[in-house]
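All remarks here apply to the structure that follows.
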Amino acid sequence: MRLQKIIVLALIAVFVSLPLVTYAADQKADLTSEQIYEKRMDLYKKVETLTSVPWQYLAAVDTYERGLRRALNDRPKEDGFISIYFSENEWAGSLNPNKQDTHPLSIQMFGGIGLDGDGDGVADRLNDEDVLYTLAHQFEQYGVSEEDFRIALWEKYKRDQSVRIVHGHALVYEKFDRLDLNDHAFPMPLNYNYSYKNTWGDRRGWGGRRIHEGTDIFAGYNVPIRATAYGRVEIKGWNKYGGWRIGIRDLDNIYHYYAHLSGFEKGIEEGSIVAPGDVIGYCGSSGYGKPGTQGKFPPHLHYGMYRDNGRLEWSFDPYPSLKQWERKAYQDRKKKK
Ligand SMILES: [Zn+2]
C-alpha cells in the first residue's frame with residue numbers, strides 16, 4: 001500500500017514537472033522566424049539599455065556563435081534564443097568546486113564571469129538574459145567605440161579571423177538596422193544564358209593537385225554577377241588562380257568566393273556591405289597567371305563557399321545552395337506574372 005502511494009506520488013511529480021522542463025524548447029519551436037527575431041531584438045535592446053553596449057555588437061557576437069554551434073560538435077544546441085556560449089569553467093570559475101554554481105557571489109569569489117542579468121538573484125549559464133548581460137558587461141570594460149569592440153573581440157577569441165567576422169556582422173546589422181537578413185539570391189539574373197553542373201571535387205587542370213572547390217557557372221562575358229547573401233566584402237582584387245575575385249562574408253559566417261571576373265561593379269570595395277541581388281562584378285575568364293591574364297578558359301563564374309568554425313575554414317559544395325536559390329528565383333518570378 002505504501003509503495004503504491006509512493007509510485008503514484010512519483011508519477012504525479014513527473015507529470016507536473018514535465019511541462020516546466022519542455023516549456024522553453026516548445027515555446028521556441030512554436031514561434032515563426034519573425035517572432036524569434038523579435039524576441040532576440042528585445043533581449044539585445046534590453047541589455048543595451050542596462051549596459052552601454054550597442055545592440056549591433058551583441059547581435060554580431062550572438063550570430064557568430066550561432067554559426068559556431070552549427071559548425072562544431074563539442075557545443076550543445078542552444079535551448080533559448082541566444083547562442084553565445086560560456087563553458088562551465090569560464091562561467092563558474094576554473095577553481096570553483098561547484099561547476100554548476102549559480103550564486104553570483106561565489107562565482108565572483110572563484111573568478112568566474114557569470115552574472116545575473118534578469119535580476120532573479122541567480123546567474124544561470126543557460127539563461128538568455130544572464131548570458132547576454134555577462135557578455136555585455138565584459139565588453140563594456142573595454143569601452144564602446146568600434147576599436148574598443150575589436151579589442152574586446154580579440155581578448156575573447158584570440159584570433160584575427162574571428163575579430164574580422166564578428167566586426168563585419170556588426171556593420172551589416174548597423175546598415176540594415178534589423179535581424180531578418182537571411183534571404184539569398186542566385187548569382188546570375190535568370191534572363192541571361194548560363195549553365196552549370198555539379199563539379200564538386202573534380203581535378204583541376206592548373207595549379208597542381210588541388211581539387212575543384214566550387215561550382216563553375218558558364219555564361220557570356222560581362223553577365224552581371226550578384227551577391228548571393230547579405231554580407232560584407234572581405235577581399236577584392238587579383239589572385240593568380242582566381243583572377244579578379246571577390247570574397248563576401250555572410251551572417252552564417254560563410255565566405256562566398258566569386259572568381260574569374262572581367263571586372264568589378266563600381267562602388268564595390270573591401271568593406272562594402274551588400275544585399276542579395278546586388279551586382280558586384282561581371283563574368284569573365286581572368287586568372288591562371290599574372291594580373292590581367294584572361295582567355296585561358298571559357299568565361300565562367302567560379303563560385304565557392306567556405307565555412308568558418310572558429311578555428312579553421314573549409315570549403316563545402318555550393319551546388320545544392322545554388323539549386324535552391326535558383327528554384328526560389330523561378331518561383332518568385334512566376335508569382336510576379
Ligand atoms: Zn571553378
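By order of appearance in the C-alpha cells: chains A, B, ..., then residues from 1 within every chain, and ligands from 1 in the order shown.
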
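Look at Lys175 in chain A: the protein and nucleic acid residues within 9 Å of it, using only C-alpha atoms and passing over chain neighbours fewer than 4 places away, are Ala170, Leu171 and Ile273 of chain A.
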
Go ahead and save the residues from that selection, with C-alpha atoms, as a JSON list (two decimals), in the first residue's frame.
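The resulting file, result.json, is shown below:
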```json
[["chain", "number", "residue", "atom", "x", "y", "z"],
["A", 170, "ALA", "CA", 28.04, 44.31, -36.52],
["A", 171, "LEU", "CA", 28.48, 46.61, -39.53],
["A", 273, "ILE", "CA", 28.10, 45.92, -47.36]]
```

Could you list, as a list in words, all the residues within 6 Å of ligand 1, counting only C-alpha atoms and all ligand atoms? Gly214, Thr215, Asp216 and His302 of chain A

Export N, CA and C atoms of the chosen residues as a short mmCIF file (atom, residue, chain, number, x, y, z; two decimals), in the first residue's frame?
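Dumped everything to selection.cif:
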```
data_model
loop_
_atom_site.label_atom_id
_atom_site.label_comp_id
_atom_site.auth_asym_id
_atom_site.auth_seq_id
_atom_site.Cartn_x
_atom_site.Cartn_y
_atom_site.Cartn_z
N GLY A 214 34.33 24.16 -55.72
CA GLY A 214 33.27 25.10 -56.07
C GLY A 214 32.45 24.61 -57.24
N THR A 215 31.62 25.50 -57.74
CA THR A 215 30.79 25.21 -58.92
C THR A 215 31.11 26.24 -59.99
N ASP A 216 31.31 25.79 -61.22
CA ASP A 216 31.52 26.71 -62.33
C ASP A 216 30.20 26.98 -63.02
N HIS A 302 33.42 31.14 -61.20
CA HIS A 302 33.73 30.08 -60.23
C HIS A 302 33.18 30.54 -58.90
#
```

For range 141-158 of chain A, please output as a list in words all residues within 8 Å (counting only C-alpha atoms; exclusion window: fewer than 5 positions along the same chain). Ser52, Val53, Pro54, Tyr57, Val163, Val166 and His167 of chain A

Go ahead and save the picked residues with N, CA and C atoms, as a short mmCIF file (atom, residue, chain, number, x, y, z; two decimals), in the first residue's frame.
```
data_model
loop_
_atom_site.label_atom_id
_atom_site.label_comp_id
_atom_site.auth_asym_id
_atom_site.auth_seq_id
_atom_site.Cartn_x
_atom_site.Cartn_y
_atom_site.Cartn_z
N SER A 52 26.09 49.84 -21.80
CA SER A 52 26.04 50.85 -22.87
C SER A 52 26.56 50.24 -24.15
N VAL A 53 26.48 48.92 -24.25
CA VAL A 53 26.99 48.21 -25.42
C VAL A 53 25.91 48.20 -26.51
N PRO A 54 26.22 48.74 -27.71
CA PRO A 54 25.21 48.80 -28.78
C PRO A 54 24.67 47.41 -29.13
N TYR A 57 26.52 45.07 -31.60
CA TYR A 57 27.67 44.29 -31.15
C TYR A 57 27.19 42.97 -30.53
N VAL A 163 37.73 38.09 -35.14
CA VAL A 163 37.51 39.53 -34.93
C VAL A 163 36.93 40.14 -36.20
N VAL A 166 33.17 38.92 -36.78
CA VAL A 166 32.17 39.49 -35.86
C VAL A 166 32.02 40.99 -36.10
N HIS A 167 33.15 41.68 -36.31
CA HIS A 167 33.08 43.11 -36.60
C HIS A 167 32.24 43.35 -37.86
#
```

What's around range 235-250 of chain A at 7 Å? Count only C-alpha atoms, leave out sequence neighbours fewer than 2 positions away in its own chain, and write the answer as an MDAnalysis selection string. chainID A and resid 229:233 252:263 269:270 286:291

Per DSSP on the backbone, what are the strand (DSSP E or B) residues of range 120-296 of chain A, as a VMD selection string? chain A and resid 184 194 to 196 203 211 215 to 219 224 to 226 229 231 to 239 243 to 250 254 to 264 273 to 274 279 to 284 286 294

Using N, CA and C atoms, can you export the residues from the last selection as a compact mmCIF listing (two decimals), in the first residue's frame?
```txt
# COMPACT_ATOMS: atom_id res chain seq x y z
N HIS A 184 18.45 34.96 -49.78
CA HIS A 184 19.56 34.67 -50.69
C HIS A 184 19.13 34.93 -52.13
N TYR A 194 22.98 30.77 -69.09
CA TYR A 194 24.07 30.25 -68.25
C TYR A 194 23.85 28.76 -68.08
N SER A 195 24.88 28.06 -67.70
CA SER A 195 24.71 26.63 -67.40
C SER A 195 25.73 26.19 -66.37
N TYR A 196 25.33 25.23 -65.56
CA TYR A 196 26.25 24.69 -64.57
C TYR A 196 25.85 23.29 -64.20
N ARG A 203 39.15 17.09 -60.58
CA ARG A 203 40.54 17.53 -60.67
C ARG A 203 40.62 18.80 -61.50
N ILE A 211 41.87 19.90 -55.69
CA ILE A 211 40.59 19.50 -56.23
C ILE A 211 39.75 20.76 -56.48
N THR A 215 31.62 25.50 -57.74
CA THR A 215 30.79 25.21 -58.92
C THR A 215 31.11 26.24 -59.99
N ASP A 216 31.31 25.79 -61.22
CA ASP A 216 31.52 26.71 -62.33
C ASP A 216 30.20 26.98 -63.02
N ILE A 217 29.84 28.26 -63.15
CA ILE A 217 28.63 28.62 -63.87
C ILE A 217 29.06 29.31 -65.16
N PHE A 218 28.86 28.62 -66.29
CA PHE A 218 29.31 29.14 -67.57
C PHE A 218 28.29 30.13 -68.13
N ALA A 219 28.79 31.26 -68.63
CA ALA A 219 27.93 32.31 -69.19
C ALA A 219 28.80 33.20 -70.06
N PRO A 224 26.11 40.09 -65.52
CA PRO A 224 26.24 40.61 -64.14
C PRO A 224 26.33 39.48 -63.12
N ILE A 225 27.22 39.64 -62.17
CA ILE A 225 27.37 38.69 -61.06
C ILE A 225 26.86 39.38 -59.80
N ARG A 226 26.00 38.67 -59.06
CA ARG A 226 25.31 39.30 -57.93
C ARG A 226 25.68 38.64 -56.60
N ALA A 229 24.07 36.72 -50.76
CA ALA A 229 23.60 36.84 -49.37
C ALA A 229 23.89 38.26 -48.85
N GLY A 231 25.93 40.58 -46.58
CA GLY A 231 27.28 40.39 -46.04
C GLY A 231 28.19 41.57 -46.32
N ARG A 232 29.45 41.32 -46.06
CA ARG A 232 30.45 42.37 -46.17
C ARG A 232 31.60 41.86 -47.05
N VAL A 233 32.04 42.72 -47.95
CA VAL A 233 33.14 42.35 -48.85
C VAL A 233 34.42 42.26 -48.04
N GLU A 234 34.98 41.07 -47.99
CA GLU A 234 36.18 40.84 -47.17
C GLU A 234 37.44 40.99 -48.02
N ILE A 235 37.36 40.56 -49.27
CA ILE A 235 38.53 40.62 -50.16
C ILE A 235 38.07 40.99 -51.56
N LYS A 236 38.88 41.86 -52.21
CA LYS A 236 38.63 42.19 -53.61
C LYS A 236 39.98 42.42 -54.26
N GLY A 237 40.20 41.86 -55.46
CA GLY A 237 41.47 42.08 -56.13
C GLY A 237 41.90 40.88 -56.94
N TRP A 238 43.20 40.81 -57.22
CA TRP A 238 43.74 39.75 -58.08
C TRP A 238 44.30 38.61 -57.26
N ASN A 239 44.06 37.41 -57.76
CA ASN A 239 44.67 36.21 -57.19
C ASN A 239 45.08 35.36 -58.39
N GLY A 243 42.01 34.99 -60.56
CA GLY A 243 41.95 36.21 -61.37
C GLY A 243 41.34 37.34 -60.55
N TRP A 244 40.51 38.16 -61.21
CA TRP A 244 39.78 39.20 -60.45
C TRP A 244 38.72 38.50 -59.63
N ARG A 245 38.87 38.59 -58.34
CA ARG A 245 37.95 37.82 -57.49
C ARG A 245 37.50 38.67 -56.30
N ILE A 246 36.40 38.21 -55.75
CA ILE A 246 35.81 38.95 -54.64
C ILE A 246 35.33 37.92 -53.60
N GLY A 247 35.49 38.25 -52.33
CA GLY A 247 35.04 37.35 -51.26
C GLY A 247 34.11 38.08 -50.31
N ILE A 248 32.95 37.52 -50.09
CA ILE A 248 31.95 38.16 -49.23
C ILE A 248 31.60 37.25 -48.06
N ARG A 249 31.60 37.80 -46.87
CA ARG A 249 31.27 37.03 -45.67
C ARG A 249 29.83 37.29 -45.28
N ASP A 250 29.03 36.23 -45.12
CA ASP A 250 27.63 36.44 -44.74
C ASP A 250 27.42 36.22 -43.24
N ILE A 254 29.67 32.28 -43.42
CA ILE A 254 30.09 31.63 -44.67
C ILE A 254 30.73 32.66 -45.59
N TYR A 255 31.85 32.25 -46.17
CA TYR A 255 32.60 33.09 -47.11
C TYR A 255 32.24 32.66 -48.52
N HIS A 256 31.72 33.62 -49.30
CA HIS A 256 31.32 33.35 -50.68
C HIS A 256 32.40 33.90 -51.61
N TYR A 257 32.92 33.03 -52.45
CA TYR A 257 34.08 33.36 -53.28
C TYR A 257 33.67 33.38 -54.76
N TYR A 258 33.87 34.54 -55.41
CA TYR A 258 33.47 34.72 -56.81
C TYR A 258 34.74 34.98 -57.61
N ALA A 259 35.08 34.07 -58.55
CA ALA A 259 36.36 34.22 -59.24
C ALA A 259 36.20 34.30 -60.76
N HIS A 260 37.29 34.71 -61.42
CA HIS A 260 37.45 34.84 -62.88
C HIS A 260 36.61 35.99 -63.45
N LEU A 261 36.34 37.02 -62.67
CA LEU A 261 35.51 38.13 -63.15
C LEU A 261 36.25 38.93 -64.24
N SER A 262 35.48 39.60 -65.10
CA SER A 262 36.10 40.51 -66.08
C SER A 262 36.33 41.87 -65.43
N GLY A 263 35.55 42.17 -64.41
CA GLY A 263 35.72 43.44 -63.69
C GLY A 263 34.74 43.52 -62.55
N PHE A 264 34.87 44.58 -61.76
CA PHE A 264 34.04 44.76 -60.57
C PHE A 264 33.00 45.84 -60.81
N ILE A 273 29.13 46.81 -47.89
CA ILE A 273 28.10 45.92 -47.36
C ILE A 273 27.05 45.71 -48.45
N VAL A 274 26.73 44.46 -48.70
CA VAL A 274 25.86 44.14 -49.83
C VAL A 274 24.62 43.36 -49.38
N VAL A 279 24.56 43.78 -57.69
CA VAL A 279 25.61 43.45 -58.66
C VAL A 279 26.96 43.80 -58.05
N ILE A 280 27.90 42.83 -58.11
CA ILE A 280 29.23 43.06 -57.53
C ILE A 280 30.32 43.05 -58.59
N GLY A 281 30.05 42.42 -59.76
CA GLY A 281 31.05 42.33 -60.81
C GLY A 281 30.46 41.68 -62.05
N TYR A 282 31.34 41.27 -62.99
CA TYR A 282 30.88 40.76 -64.28
C TYR A 282 31.64 39.50 -64.67
N CYS A 283 30.95 38.61 -65.32
CA CYS A 283 31.52 37.32 -65.69
C CYS A 283 32.68 37.50 -66.66
N GLY A 284 33.74 36.71 -66.49
CA GLY A 284 34.90 36.80 -67.36
C GLY A 284 35.72 35.52 -67.36
N SER A 286 39.25 35.71 -66.30
CA SER A 286 40.53 36.16 -65.76
C SER A 286 41.13 35.09 -64.85
N GLN A 294 43.83 36.75 -69.06
CA GLN A 294 42.48 36.25 -69.29
C GLN A 294 42.42 35.43 -70.57
```

So that I can check the surroundings of Glu34 in chain A, please list as a ChimeraX atom specification every protein, DNA and RNA residue that reaches within 12 Å of it, counting only C-alpha atoms and ignoring chain neighbours fewer than 6 positions away. /A:28,40-41,178-182

Selection export as a PDB file, in the first residue's frame, atoms kept: N, CA and C atoms:
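Writing the result to again-v1.pdb gives the following:
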```pdb
ATOM      1  N   LYS A  28       9.938  27.983 -28.286  1.00  0.00           N
ATOM      2  CA  LYS A  28      10.736  28.408 -29.423  1.00  0.00           C
ATOM      3  C   LYS A  28      10.279  27.704 -30.701  1.00  0.00           C
ATOM      4  N   ARG A  40      14.660  38.049 -29.965  1.00  0.00           N
ATOM      5  CA  ARG A  40      16.100  38.308 -29.869  1.00  0.00           C
ATOM      6  C   ARG A  40      16.378  39.802 -29.789  1.00  0.00           C
ATOM      7  N   MET A  41      15.710  40.561 -30.659  1.00  0.00           N
ATOM      8  CA  MET A  41      15.938  42.014 -30.667  1.00  0.00           C
ATOM      9  C   MET A  41      15.557  42.616 -29.322  1.00  0.00           C
ATOM     10  N   ARG A 178      18.154  45.734 -38.748  1.00  0.00           N
ATOM     11  CA  ARG A 178      17.186  44.676 -38.433  1.00  0.00           C
ATOM     12  C   ARG A 178      17.929  43.339 -38.425  1.00  0.00           C
ATOM     13  N   LEU A 179      17.270  42.307 -37.878  1.00  0.00           N
ATOM     14  CA  LEU A 179      17.920  40.995 -37.758  1.00  0.00           C
ATOM     15  C   LEU A 179      17.547  40.049 -38.893  1.00  0.00           C
ATOM     16  N   ASP A 180      16.432  40.341 -39.535  1.00  0.00           N
ATOM     17  CA  ASP A 180      15.889  39.452 -40.547  1.00  0.00           C
ATOM     18  C   ASP A 180      16.663  39.639 -41.861  1.00  0.00           C
ATOM     19  N   LEU A 181      17.832  38.999 -41.961  1.00  0.00           N
ATOM     20  CA  LEU A 181      18.708  39.193 -43.122  1.00  0.00           C
ATOM     21  C   LEU A 181      19.164  37.846 -43.669  1.00  0.00           C
ATOM     22  N   ASN A 182      18.188  36.944 -43.870  1.00  0.00           N
ATOM     23  CA  ASN A 182      18.551  35.592 -44.298  1.00  0.00           C
ATOM     24  C   ASN A 182      18.192  35.265 -45.743  1.00  0.00           C
TER      25      ASN A 182
END
```

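Minimum atom-to-atom distances from A:Leu58, A:Lys197, A:Asn98, A:Ser83 to Glu174 in chain A were compared using only C-alpha atoms, and the lowest value belongs to A:Leu58.
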
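Taking CA of Gln56 in chain A as the reference point, CA of Tyr173 in chain A is found at 5.8 Å.
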